[in-house]
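Asker: Please find protein_34.pdb (PDB, C-alpha atoms) on the next line:
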```pdb
ATOM      1  CA  MET W   1     248.012 -63.864 211.689
ATOM      2  CA  THR W   2     250.612 -61.203 210.891
ATOM      3  CA  PHE W   3     249.549 -61.106 207.238
ATOM      4  CA  THR W   4     245.883 -60.796 208.253
ATOM      5  CA  ILE W   5     246.625 -57.783 210.476
ATOM      6  CA  LEU W   6     248.779 -56.228 207.749
ATOM      7  CA  GLU W   7     245.985 -56.762 205.242
ATOM      8  CA  GLN W   8     243.479 -54.955 207.472
ATOM      9  CA  LEU W   9     245.917 -52.108 208.113
ATOM     10  CA  LEU W  10     246.570 -51.652 204.400
ATOM     11  CA  ALA W  11     242.833 -51.610 203.658
ATOM     12  CA  HIS W  12     242.045 -48.936 206.257
ATOM     13  CA  ILE W  13     245.130 -46.789 205.606
ATOM     14  CA  SER W  14     244.531 -46.816 201.828
ATOM     15  CA  PHE W  15     240.912 -45.740 202.385
ATOM     16  CA  PHE W  16     242.027 -42.896 204.663
ATOM     17  CA  LEU W  17     244.607 -41.789 202.076
ATOM     18  CA  LEU W  18     241.981 -41.874 199.317
ATOM     19  CA  PHE W  19     239.790 -39.656 201.483
ATOM     20  CA  LEU W  20     242.680 -37.183 201.925
ATOM     21  CA  VAL W  21     243.523 -37.253 198.208
ATOM     22  CA  THR W  22     239.871 -36.540 197.367
ATOM     23  CA  LEU W  23     239.922 -33.539 199.713
ATOM     24  CA  ILE W  24     243.170 -32.320 198.116
ATOM     25  CA  TYR W  25     241.819 -32.512 194.555
ATOM     26  CA  TRP W  26     238.487 -30.909 195.402
ATOM     27  CA  GLY W  27     240.080 -28.321 197.679
ATOM     28  CA  LYS W  28     242.504 -27.451 194.898
ATOM     29  CA  PHE W  29     239.616 -27.158 192.452
ATOM     30  CA  ILE W  30     237.354 -25.022 194.658
ATOM     31  CA  TYR W  31     239.756 -22.863 196.658
ATOM     32  CA  ILE W  32     243.372 -22.766 195.539
ATOM     33  CA  ASN W  33     245.565 -24.361 192.918
ATOM     34  CA  ASN W  34     249.285 -24.592 193.622
ATOM     35  CA  GLN W  35     252.157 -26.890 192.775
ATOM     36  CA  ARG W  36     252.467 -28.371 196.256
ATOM     37  CA  LEU W  37     248.884 -29.599 196.258
ATOM     38  CA  ASN W  38     249.379 -31.081 192.778
ATOM     39  CA  ILE W  39     252.433 -33.008 193.967
ATOM     40  CA  ALA W  40     250.653 -34.118 197.164
ATOM     41  CA  GLY W  41     247.707 -35.441 195.135
ATOM     42  CA  LYS W  42     249.969 -37.372 192.751
ATOM     43  CA  ILE W  43     252.078 -38.895 195.529
ATOM     44  CA  GLY W  44     248.934 -39.780 197.485
ATOM     45  CA  MET W  45     247.427 -41.683 194.553
ATOM     46  CA  ILE W  46     250.691 -43.553 193.950
ATOM     47  CA  ILE W  47     250.847 -44.618 197.615
ATOM     48  CA  VAL W  48     247.191 -45.716 197.541
ATOM     49  CA  PHE W  49     247.827 -47.745 194.384
ATOM     50  CA  LEU W  50     250.819 -49.469 195.994
ATOM     51  CA  PHE W  51     248.929 -50.185 199.235
ATOM     52  CA  ILE W  52     245.939 -51.722 197.440
ATOM     53  CA  THR W  53     248.311 -53.739 195.229
ATOM     54  CA  ILE W  54     250.076 -55.143 198.309
ATOM     55  CA  PHE W  55     246.676 -55.800 199.920
ATOM     56  CA  LEU W  56     245.532 -57.850 196.904
ATOM     57  CA  LEU W  57     248.835 -59.744 196.792
ATOM     58  CA  ILE W  58     248.490 -60.671 200.475
ATOM     59  CA  ARG W  59     244.930 -61.899 199.861
ATOM     60  CA  TRP W  60     246.254 -63.919 196.933
ATOM     61  CA  ILE W  61     248.996 -65.530 199.053
ATOM     62  CA  LEU W  62     246.710 -66.312 201.995
ATOM     63  CA  SER W  63     243.777 -67.636 199.954
ATOM     64  CA  LYS W  64     245.956 -69.364 197.304
ATOM     65  CA  HIS W  65     243.691 -68.117 194.531
ATOM     66  CA  PHE W  66     243.317 -64.846 192.652
ATOM     67  CA  PRO W  67     241.489 -62.368 194.971
ATOM     68  CA  LEU W  68     238.282 -61.950 192.975
ATOM     69  CA  SER W  69     236.058 -64.574 194.559
ATOM     70  CA  ASN W  70     233.534 -62.347 196.357
ATOM     71  CA  LEU W  71     232.019 -58.880 196.394
ATOM     72  CA  TYR W  72     234.550 -57.554 198.902
ATOM     73  CA  GLU W  73     237.548 -58.510 196.802
ATOM     74  CA  SER W  74     235.972 -57.389 193.529
ATOM     75  CA  SER W  75     235.125 -53.975 195.042
ATOM     76  CA  MET W  76     238.702 -53.566 196.231
ATOM     77  CA  PHE W  77     239.912 -54.578 192.785
ATOM     78  CA  LEU W  78     237.515 -52.017 191.259
ATOM     79  CA  SER W  79     239.059 -49.330 193.475
ATOM     80  CA  TRP W  80     242.524 -50.534 192.399
ATOM     81  CA  GLY W  81     241.462 -50.331 188.735
ATOM     82  CA  LEU W  82     240.240 -46.742 189.141
ATOM     83  CA  THR W  83     243.521 -45.641 190.750
ATOM     84  CA  PHE W  84     245.438 -47.471 188.013
ATOM     85  CA  ILE W  85     243.500 -45.657 185.266
ATOM     86  CA  HIS W  86     244.004 -42.361 187.092
ATOM     87  CA  LEU W  87     247.792 -42.815 187.211
ATOM     88  CA  ILE W  88     247.965 -43.728 183.523
ATOM     89  CA  LEU W  89     245.820 -40.765 182.471
ATOM     90  CA  GLU W  90     247.616 -38.267 184.683
ATOM     91  CA  SER W  91     251.045 -39.386 183.451
ATOM     92  CA  ARG W  92     250.038 -39.308 179.769
ATOM     93  CA  THR W  93     247.866 -36.176 179.711
ATOM     94  CA  LYS W  94     249.649 -34.017 182.343
ATOM     95  CA  ASN W  95     246.255 -32.814 183.572
ATOM     96  CA  ASN W  96     245.698 -32.115 187.255
ATOM     97  CA  TRP W  97     241.883 -32.054 187.282
ATOM     98  CA  LEU W  98     241.264 -35.764 186.552
ATOM     99  CA  GLY W  99     241.580 -36.594 190.251
ATOM    100  CA  ILE W 100     238.387 -34.630 190.877
ATOM    101  CA  ILE W 101     236.549 -37.510 189.171
ATOM    102  CA  THR W 102     238.748 -40.571 189.728
ATOM    103  CA  ALA W 103     239.709 -40.058 193.399
ATOM    104  CA  PRO W 104     236.112 -39.911 194.770
ATOM    105  CA  SER W 105     235.143 -42.875 192.573
ATOM    106  CA  ALA W 106     237.991 -45.007 193.930
ATOM    107  CA  MET W 107     237.214 -43.856 197.475
ATOM    108  CA  LEU W 108     233.517 -44.793 197.197
ATOM    109  CA  ALA W 109     234.304 -48.250 195.779
ATOM    110  CA  HIS W 110     236.891 -48.762 198.534
ATOM    111  CA  GLY W 111     234.533 -47.454 201.221
ATOM    112  CA  PHE W 112     231.739 -49.750 200.056
ATOM    113  CA  ALA W 113     234.086 -52.744 200.445
ATOM    114  CA  THR W 114     235.697 -51.832 203.776
ATOM    115  CA  LEU W 115     232.814 -50.049 205.529
ATOM    116  CA  GLY W 116     229.644 -51.125 203.722
ATOM    117  CA  LEU W 117     230.017 -54.898 203.607
ATOM    118  CA  PRO W 118     229.624 -57.164 206.663
ATOM    119  CA  LYS W 119     232.716 -58.700 208.236
ATOM    120  CA  GLU W 120     231.601 -62.187 207.140
ATOM    121  CA  MET W 121     232.074 -61.189 203.500
ATOM    122  CA  GLN W 122     235.583 -59.935 204.188
ATOM    123  CA  GLN W 123     236.816 -63.274 205.511
ATOM    124  CA  LEU W 124     239.044 -65.596 203.511
ATOM    125  CA  LEU W 125     237.146 -68.732 202.472
ATOM    126  CA  PRO W 126     237.818 -71.535 199.969
ATOM    127  CA  LEU W 127     236.489 -71.145 196.445
ATOM    128  CA  VAL W 128     233.143 -72.677 195.615
ATOM    129  CA  PRO W 129     233.400 -75.412 192.930
ATOM    130  CA  ALA W 130     231.963 -73.167 190.192
ATOM    131  CA  LEU W 131     234.852 -70.705 190.637
ATOM    132  CA  GLN W 132     237.632 -73.280 190.726
ATOM    133  CA  SER W 133     238.788 -72.628 187.194
ATOM    134  CA  HIS W 134     241.721 -71.008 185.396
ATOM    135  CA  TRP W 135     239.114 -68.739 183.760
ATOM    136  CA  LEU W 136     238.561 -66.909 187.060
ATOM    137  CA  MET W 137     241.573 -64.642 186.553
ATOM    138  CA  MET W 138     240.985 -64.096 182.836
ATOM    139  CA  HIS W 139     237.241 -63.428 182.911
ATOM    140  CA  VAL W 140     236.716 -61.564 186.183
ATOM    141  CA  THR W 141     239.869 -59.433 185.866
ATOM    142  CA  THR W 142     238.921 -58.153 182.417
ATOM    143  CA  MET W 143     235.322 -57.535 183.506
ATOM    144  CA  ILE W 144     236.267 -55.512 186.609
ATOM    145  CA  LEU W 145     238.906 -53.543 184.713
ATOM    146  CA  SER W 146     236.345 -52.827 181.997
ATOM    147  CA  TYR W 147     233.931 -51.563 184.673
ATOM    148  CA  SER W 148     236.683 -49.284 186.033
ATOM    149  CA  ALA W 149     237.429 -47.815 182.598
ATOM    150  CA  LEU W 150     233.773 -47.480 181.559
ATOM    151  CA  LEU W 151     232.780 -45.880 184.876
ATOM    152  CA  CYS W 152     235.609 -43.359 184.528
ATOM    153  CA  GLY W 153     234.663 -42.598 180.907
ATOM    154  CA  SER W 154     230.973 -42.280 181.820
ATOM    155  CA  LEU W 155     231.781 -39.827 184.605
ATOM    156  CA  LEU W 156     233.770 -37.720 182.143
ATOM    157  CA  ALA W 157     230.739 -37.791 179.826
ATOM    158  CA  ILE W 158     228.441 -36.690 182.673
ATOM    159  CA  THR W 159     230.833 -33.828 183.445
ATOM    160  CA  LEU W 160     230.805 -32.853 179.762
ATOM    161  CA  CYS W 161     226.982 -32.744 179.785
ATOM    162  CA  ILE W 162     226.951 -30.543 182.894
ATOM    163  CA  ILE W 163     229.488 -28.076 181.471
ATOM    164  CA  SER W 164     227.732 -27.998 178.072
ATOM    165  CA  ALA W 165     224.447 -27.181 179.823
ATOM    166  CA  THR W 166     225.877 -23.976 181.332
ATOM    167  CA  LYS W 167     224.930 -20.836 179.470
ATOM    168  CA  GLN W 168     227.391 -19.383 176.990
ATOM    169  CA  LYS W 169     228.688 -16.002 178.117
ATOM    170  CA  LYS W 170     227.769 -13.167 175.775
ATOM    171  CA  PHE W 171     229.781 -10.087 175.022
ATOM    172  CA  SER W 172     227.745  -6.928 174.522
ATOM    173  CA  PRO W 173     229.466  -4.177 172.518
ATOM    174  CA  VAL W 174     226.850  -1.604 173.637
ATOM    175  CA  LYS W 175     228.774  -0.947 176.844
ATOM    176  CA  PHE W 176     231.761   0.217 174.839
ATOM    177  CA  GLU W 177     230.118   2.549 172.308
ATOM    178  CA  TYR W 178     231.553   5.585 174.032
ATOM    179  CA  ASN W 179     234.995   4.470 172.829
ATOM    180  CA  LYS W 180     233.956   3.509 169.297
ATOM    181  CA  THR W 181     235.394   6.640 167.679
ATOM    182  CA  LEU W 182     238.680   6.213 169.484
ATOM    183  CA  ALA W 183     238.854   2.557 168.463
ATOM    184  CA  ILE W 184     238.188   3.293 164.746
ATOM    185  CA  TYR W 185     240.688   6.153 164.767
ATOM    186  CA  SER W 186     243.339   3.968 166.398
ATOM    187  CA  LEU W 187     242.790   1.145 163.915
ATOM    188  CA  ILE W 188     243.081   3.462 160.907
ATOM    189  CA  TYR W 189     246.324   4.971 162.140
ATOM    190  CA  ARG W 190     247.597   1.633 163.547
ATOM    191  CA  ASP W 191     247.861   3.173 166.996
ATOM    192  CA  TYR W 192     247.442  -0.158 168.798
ATOM    193  CA  ASP W 193     248.686   1.212 172.097
ATOM    194  CA  LYS W 194     245.543   3.272 172.484
ATOM    195  CA  ILE W 195     243.408   0.191 171.933
ATOM    196  CA  ILE W 196     245.372  -1.826 174.475
ATOM    197  CA  HIS W 197     245.315   0.988 177.010
ATOM    198  CA  ASN W 198     241.592   1.280 176.599
ATOM    199  CA  LYS W 199     241.516  -0.875 179.734
ATOM    200  CA  PHE W 200     237.834  -1.409 180.419
ATOM    201  CA  TYR W 201     237.098  -2.553 176.882
ATOM    202  CA  TYR W 202     240.222  -4.646 176.519
ATOM    203  CA  GLU W 203     240.054  -6.443 179.880
ATOM    204  CA  SER W 204     236.332  -7.226 179.586
ATOM    205  CA  ARG W 205     236.672  -8.548 176.061
ATOM    206  CA  LYS W 206     239.751 -10.566 177.041
ATOM    207  CA  SER W 207     237.911 -12.140 179.996
ATOM    208  CA  PHE W 208     234.939 -12.964 177.763
ATOM    209  CA  TYR W 209     237.064 -14.767 175.180
ATOM    210  CA  PHE W 210     239.164 -16.513 177.825
ATOM    211  CA  ILE W 211     236.113 -17.937 179.667
ATOM    212  CA  ASN W 212     234.478 -19.227 176.503
ATOM    213  CA  PHE W 213     237.757 -20.576 175.120
ATOM    214  CA  ARG W 214     238.500 -22.373 178.411
ATOM    215  CA  LYS W 215     235.010 -23.873 178.369
ATOM    216  CA  TRP W 216     235.469 -25.085 174.782
ATOM    217  CA  GLN W 217     238.925 -26.447 175.658
ATOM    218  CA  LEU W 218     237.609 -28.315 178.698
ATOM    219  CA  ILE W 219     234.712 -29.842 176.731
ATOM    220  CA  ASN W 220     237.169 -30.933 174.041
ATOM    221  CA  GLU W 221     239.449 -32.567 176.640
ATOM    222  CA  LEU W 222     236.562 -34.335 178.383
ATOM    223  CA  ASP W 223     235.268 -35.617 175.063
ATOM    224  CA  ASN W 224     238.687 -36.795 173.904
ATOM    225  CA  TYR W 225     239.694 -38.531 177.143
ATOM    226  CA  GLY W 226     236.221 -39.994 177.664
ATOM    227  CA  TYR W 227     236.234 -41.484 174.155
ATOM    228  CA  ARG W 228     239.673 -43.062 174.636
ATOM    229  CA  ILE W 229     238.868 -44.518 178.059
ATOM    230  CA  ILE W 230     235.503 -45.892 176.924
ATOM    231  CA  SER W 231     237.132 -47.437 173.837
ATOM    232  CA  PHE W 232     239.648 -49.187 176.086
ATOM    233  CA  GLY W 233     236.920 -50.309 178.506
ATOM    234  CA  PHE W 234     234.728 -51.533 175.652
ATOM    235  CA  LEU W 235     237.575 -53.713 174.360
ATOM    236  CA  LEU W 236     238.058 -55.219 177.830
ATOM    237  CA  LEU W 237     234.296 -55.739 178.201
ATOM    238  CA  THR W 238     234.185 -57.595 174.879
ATOM    239  CA  ILE W 239     237.072 -59.853 175.926
ATOM    240  CA  GLY W 240     235.425 -60.410 179.308
ATOM    241  CA  ILE W 241     232.077 -61.412 177.788
ATOM    242  CA  LEU W 242     233.735 -63.791 175.295
ATOM    243  CA  SER W 243     235.900 -65.423 177.961
ATOM    244  CA  GLY W 244     232.843 -65.688 180.204
ATOM    245  CA  ALA W 245     230.963 -67.481 177.434
ATOM    246  CA  VAL W 246     233.759 -70.037 177.103
ATOM    247  CA  TRP W 247     233.842 -70.510 180.896
ATOM    248  CA  ALA W 248     230.053 -70.884 180.986
ATOM    249  CA  ASN W 249     230.249 -73.624 178.360
ATOM    250  CA  GLU W 250     232.786 -75.493 180.489
ATOM    251  CA  ALA W 251     230.876 -75.038 183.752
ATOM    252  CA  TRP W 252     227.236 -75.229 182.644
ATOM    253  CA  GLY W 253     227.366 -76.775 179.172
ATOM    254  CA  SER W 254     226.120 -73.708 177.307
ATOM    255  CA  TYR W 255     227.807 -70.552 176.000
ATOM    256  CA  TRP W 256     224.831 -68.317 176.807
ATOM    257  CA  ASN W 257     222.035 -68.900 179.328
ATOM    258  CA  TRP W 258     220.304 -65.481 179.414
ATOM    259  CA  ASP W 259     221.219 -65.260 183.060
ATOM    260  CA  PRO W 260     220.442 -61.763 184.537
ATOM    261  CA  LYS W 261     224.167 -61.015 184.809
ATOM    262  CA  GLU W 262     224.758 -62.056 181.193
ATOM    263  CA  THR W 263     221.748 -60.070 180.015
ATOM    264  CA  TRP W 264     222.852 -56.867 181.735
ATOM    265  CA  ALA W 265     226.421 -57.355 180.510
ATOM    266  CA  LEU W 266     225.004 -57.530 176.983
ATOM    267  CA  ILE W 267     222.915 -54.379 177.603
ATOM    268  CA  THR W 268     226.063 -52.613 178.866
ATOM    269  CA  TRP W 269     227.949 -53.740 175.763
ATOM    270  CA  LEU W 270     225.147 -52.471 173.474
ATOM    271  CA  ILE W 271     225.006 -49.076 175.231
ATOM    272  CA  PHE W 272     228.704 -48.407 174.749
ATOM    273  CA  ALA W 273     228.720 -49.918 171.257
ATOM    274  CA  THR W 274     225.999 -47.379 170.411
ATOM    275  CA  TYR W 275     228.106 -44.592 171.899
ATOM    276  CA  LEU W 276     231.165 -45.581 169.847
ATOM    277  CA  HIS W 277     229.004 -45.892 166.723
ATOM    278  CA  THR W 278     227.575 -42.382 167.176
ATOM    279  CA  ARG W 279     231.113 -41.027 167.277
ATOM    280  CA  MET W 280     231.503 -42.202 163.678
ATOM    281  CA  ILE W 281     228.188 -40.794 162.442
ATOM    282  CA  LYS W 282     228.416 -37.389 160.798
ATOM    283  CA  GLY W 283     226.091 -34.853 162.363
ATOM    284  CA  TRP W 284     226.099 -36.300 165.871
ATOM    285  CA  GLY W 285     227.341 -33.743 168.372
ATOM    286  CA  ARG W 286     229.497 -34.383 171.385
ATOM    287  CA  LYS W 287     226.680 -33.722 173.800
ATOM    288  CA  GLN W 288     224.346 -36.292 172.199
ATOM    289  CA  SER W 289     227.045 -38.969 172.321
ATOM    290  CA  ALA W 290     227.917 -37.991 175.900
ATOM    291  CA  ILE W 291     224.291 -38.480 176.971
ATOM    292  CA  ILE W 292     224.444 -42.098 175.747
ATOM    293  CA  ALA W 293     227.739 -42.660 177.595
ATOM    294  CA  SER W 294     226.255 -41.058 180.735
ATOM    295  CA  SER W 295     223.398 -43.556 180.750
ATOM    296  CA  GLY W 296     226.002 -46.309 180.714
ATOM    297  CA  PHE W 297     227.154 -45.207 184.189
ATOM    298  CA  PHE W 298     223.897 -46.432 185.747
ATOM    299  CA  ILE W 299     223.755 -49.561 183.584
ATOM    300  CA  ILE W 300     227.221 -50.621 184.797
ATOM    301  CA  TRP W 301     226.170 -50.381 188.441
ATOM    302  CA  ILE W 302     223.081 -52.466 187.748
ATOM    303  CA  CYS W 303     225.223 -55.055 185.958
ATOM    304  CA  TYR W 304     227.982 -55.134 188.573
ATOM    305  CA  LEU W 305     226.094 -54.659 191.830
ATOM    306  CA  GLY W 306     222.334 -54.594 191.348
ATOM    307  CA  VAL W 307     221.957 -58.038 189.779
ATOM    308  CA  ASN W 308     224.115 -59.656 192.468
ATOM    309  CA  LEU W 309     222.188 -58.185 195.359
ATOM    310  CA  LEU W 310     218.874 -59.386 193.931
ATOM    311  CA  GLY W 311     220.062 -62.919 194.614
ATOM    312  CA  LYS W 312     218.876 -64.315 191.287
ATOM    313  CA  GLY W 313     220.700 -66.109 188.487
ATOM    314  CA  LEU W 314     223.724 -68.328 188.076
ATOM    315  CA  HIS W 315     226.190 -65.509 188.816
ATOM    316  CA  SER W 316     224.553 -64.209 191.969
ATOM    317  CA  TYR W 317     225.011 -65.367 195.544
ATOM    318  CA  GLY W 318     223.300 -62.384 197.259
ATOM    319  CA  TRP W 319     225.151 -61.250 200.373
ATOM    320  CA  LEU W 320     226.847 -64.600 200.869
ATOM    321  CA  PRO W 321     230.655 -64.654 200.830
ATOM    322  CA  HIS W 322     231.094 -65.969 197.289
ATOM    323  CA  ASN W 323     229.724 -63.204 195.130
ATOM    324  CA  LEU W 324     230.957 -62.172 191.699
TER     325      LEU W 324
END
```
Output the structure of this file as structure tokens.

Answerer:
Amino acid sequence: MTFTILEQLLAHISFFLLFLVTLIYWGKFIYINNQRLNIAGKIGMIIVFLFITIFLLIRWILSKHFPLSNLYESSMFLSWGLTFIHLILESRTKNNWLGIITAPSAMLAHGFATLGLPKEMQQLLPLVPALQSHWLMMHVTTMILSYSALLCGSLLAITLCIISATKQKKFSPVKFEYNKTLAIYSLIYRDYDKIIHNKFYYESRKSFYFINFRKWQLINELDNYGYRIISFGFLLLTIGILSGAVWANEAWGSYWNWDPKETWALITWLIFATYLHTRMIKGWGRKQSAIIASSGFFIIWICYLGVNLLGKGLHSYGWLPHNL
């Protein structure tokens, strides 16, 4: 009874903290950026990660099986995976803007589990016979972690597409023709102070180059991080599909049954394999590859959630408690 109450408290407190962390990251992005908010966001994500970890451990102890037996537990594990990826990225890249993408994603996955699902699905129940296998931890863990990584990478690709679609700022030299003689004279006689003190020209040109350089830098970072995360997620997805095939052979006597879940997992794999392939093709731009990765965002949700809720196939149990 005590563990059950603690589990519920951890679930609701971690969701509330994720909501606060999301506000911190977006508030920092829109209004003000200071060191205190950066530290608060980092500490908040660490606390959330620890709370969800303890929550999953308690579920594991109480149920006596790995907590990935239904939609509620898998959604909580998805939220845990997103916070885990966030902490790794933030520690390795030293960037403070990643929480703008990862924090809301983790919050929505968490909110869907704690607020969107009926109480019956949140109860602890024994495993159905089909899930009573040592492959449960291997297969489902790698699949959910792959979803976390691929969703994060896809969101970075969507952000890249949005930023790339914004118009490039243009610098018009016509406005500064009245100073052209002074500029030429100063260059000839190496009188750089006069150029620098030509404030209107200098400040405007500096702002122009800074904005376009920052845009190029941000696109480069999004592309680089998105590629790395998707590569990691693709590896996990491949391992998950292969382990699932072995488990399917043990449970149903066939490695592949063209079940809706298996079919959409294969479609997801092909989408991201295409993305990774385009990164190796000369002539393909970042934006074109990012569009392919962006489409993967919707495919993942169909594979993870849509197929289950249709109530069709060997993997799906609709809204019943045992849902993968």

Asker: With the file shown as input, list the residues that the PyMOL selection byres ((chain W and resi 90) around 12) selects, as a ChimeraX atom specification.

Answerer: /W:38-39,41-43,45-46,83-89,91-103,225

Asker: Go ahead and dump the residues you just picked, C-alpha atoms, as a compact mmCIF listing (two decimals), in the coordinates of the input.

Answerer:
```
# COMPACT_ATOMS: atom_id res chain seq x y z
CA ASN W 38 249.38 -31.08 192.78
CA ILE W 39 252.43 -33.01 193.97
CA GLY W 41 247.71 -35.44 195.14
CA LYS W 42 249.97 -37.37 192.75
CA ILE W 43 252.08 -38.90 195.53
CA MET W 45 247.43 -41.68 194.55
CA ILE W 46 250.69 -43.55 193.95
CA THR W 83 243.52 -45.64 190.75
CA PHE W 84 245.44 -47.47 188.01
CA ILE W 85 243.50 -45.66 185.27
CA HIS W 86 244.00 -42.36 187.09
CA LEU W 87 247.79 -42.82 187.21
CA ILE W 88 247.96 -43.73 183.52
CA LEU W 89 245.82 -40.76 182.47
CA SER W 91 251.04 -39.39 183.45
CA ARG W 92 250.04 -39.31 179.77
CA THR W 93 247.87 -36.18 179.71
CA LYS W 94 249.65 -34.02 182.34
CA ASN W 95 246.26 -32.81 183.57
CA ASN W 96 245.70 -32.12 187.26
CA TRP W 97 241.88 -32.05 187.28
CA LEU W 98 241.26 -35.76 186.55
CA GLY W 99 241.58 -36.59 190.25
CA ILE W 100 238.39 -34.63 190.88
CA ILE W 101 236.55 -37.51 189.17
CA THR W 102 238.75 -40.57 189.73
CA ALA W 103 239.71 -40.06 193.40
CA TYR W 225 239.69 -38.53 177.14
```

Asker: Select, from W:Tyr147, W:Phe298, W:Ala106, W:Ile219, the residue with the minimum atom-to-atom distance to W:Thr166, counting all atoms listed in the file.

Answerer: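 Checking each of W:Tyr147, W:Phe298, W:Ala106, W:Ile219 against W:Thr166, counting all atoms listed in the file, the winner is W:Ile219.
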
Asker: Which residues would end up in the selection if the PyMOL selection byres ((chain W and resi 8) around 12) were applied here, given that I need the answer as a list in words?

Answerer: Met1, Thr2, Phe3, Thr4, Ile5, Leu6, Glu7, Leu9, Leu10, Ala11, His12, Ile13, Ser14, Phe15, Phe51, Ile52, Ile54, Phe55, Leu56, Ile58, Arg59, Ala113, Thr114, Leu115, Lys119, Gln122 and Gln123 of chain W

Asker: Please report the interatomic distance between atom CA of W:Ser294 and atom CA of W:Ala265 in Å with one decimal.

Answerer: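 Going from atom CA of W:Ser294 over to atom CA of W:Ala265, I get 16.3 Å.
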
Asker: Quick one: of W:Gly285, W:Gly27, W:Gly244, W:Gly306, who's nearest to W:Leu131, counting only C-alpha atoms?

Answerer: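 Result for the nearest residue to W:Leu131: W:Gly244.
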
Asker: In Å, with one decimal, what is the gap from atom CA of W:Ser69 to atom CA of W:Leu237?

Answerer: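 That distance, rounded to one decimal, is 18.7 Å.
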
Asker: List every protein, DNA or RNA residue that has an atom no more than 10 Å from (229.9, -36.4, 177.8) in the file's coordinate frame, counting all atoms listed in the file, and report them as a PyMOL selection string.

Answerer: chain W and resi 153-164+219-220+222-224+226-227+286-294

Asker: For W:Thr263, which residue out of W:Leu37, W:Val307, W:Ala109, W:Leu151 is the nearest one, using all atoms listed in the file?

Answerer: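 That would be W:Val307, the residue with the smallest distance to W:Thr263.
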
Asker: Go ahead and compute the interatomic distance for atom CA of W:Met143 and atom CA of W:Gly240, in Å to one decimal.

Answerer: 5.1 Å

Asker: Could you name the residues that touch W:Gly81 at 8 Å or less, counting only C-alpha atoms, but leaving out those on the same chain fewer than 2 positions away, as JSON, numbers by chain?

Answerer: {"W": [77, 78, 79, 83, 84, 85, 144, 145, 148, 149]}

Asker: Is there a way to get, as a ChimeraX atom specification, all residues within 7 Å of the point (234.2, -52.6, 199.0) in file coordinates, counting all atoms listed in the file?

Answerer: /W:72,75-76,109-114,116-117
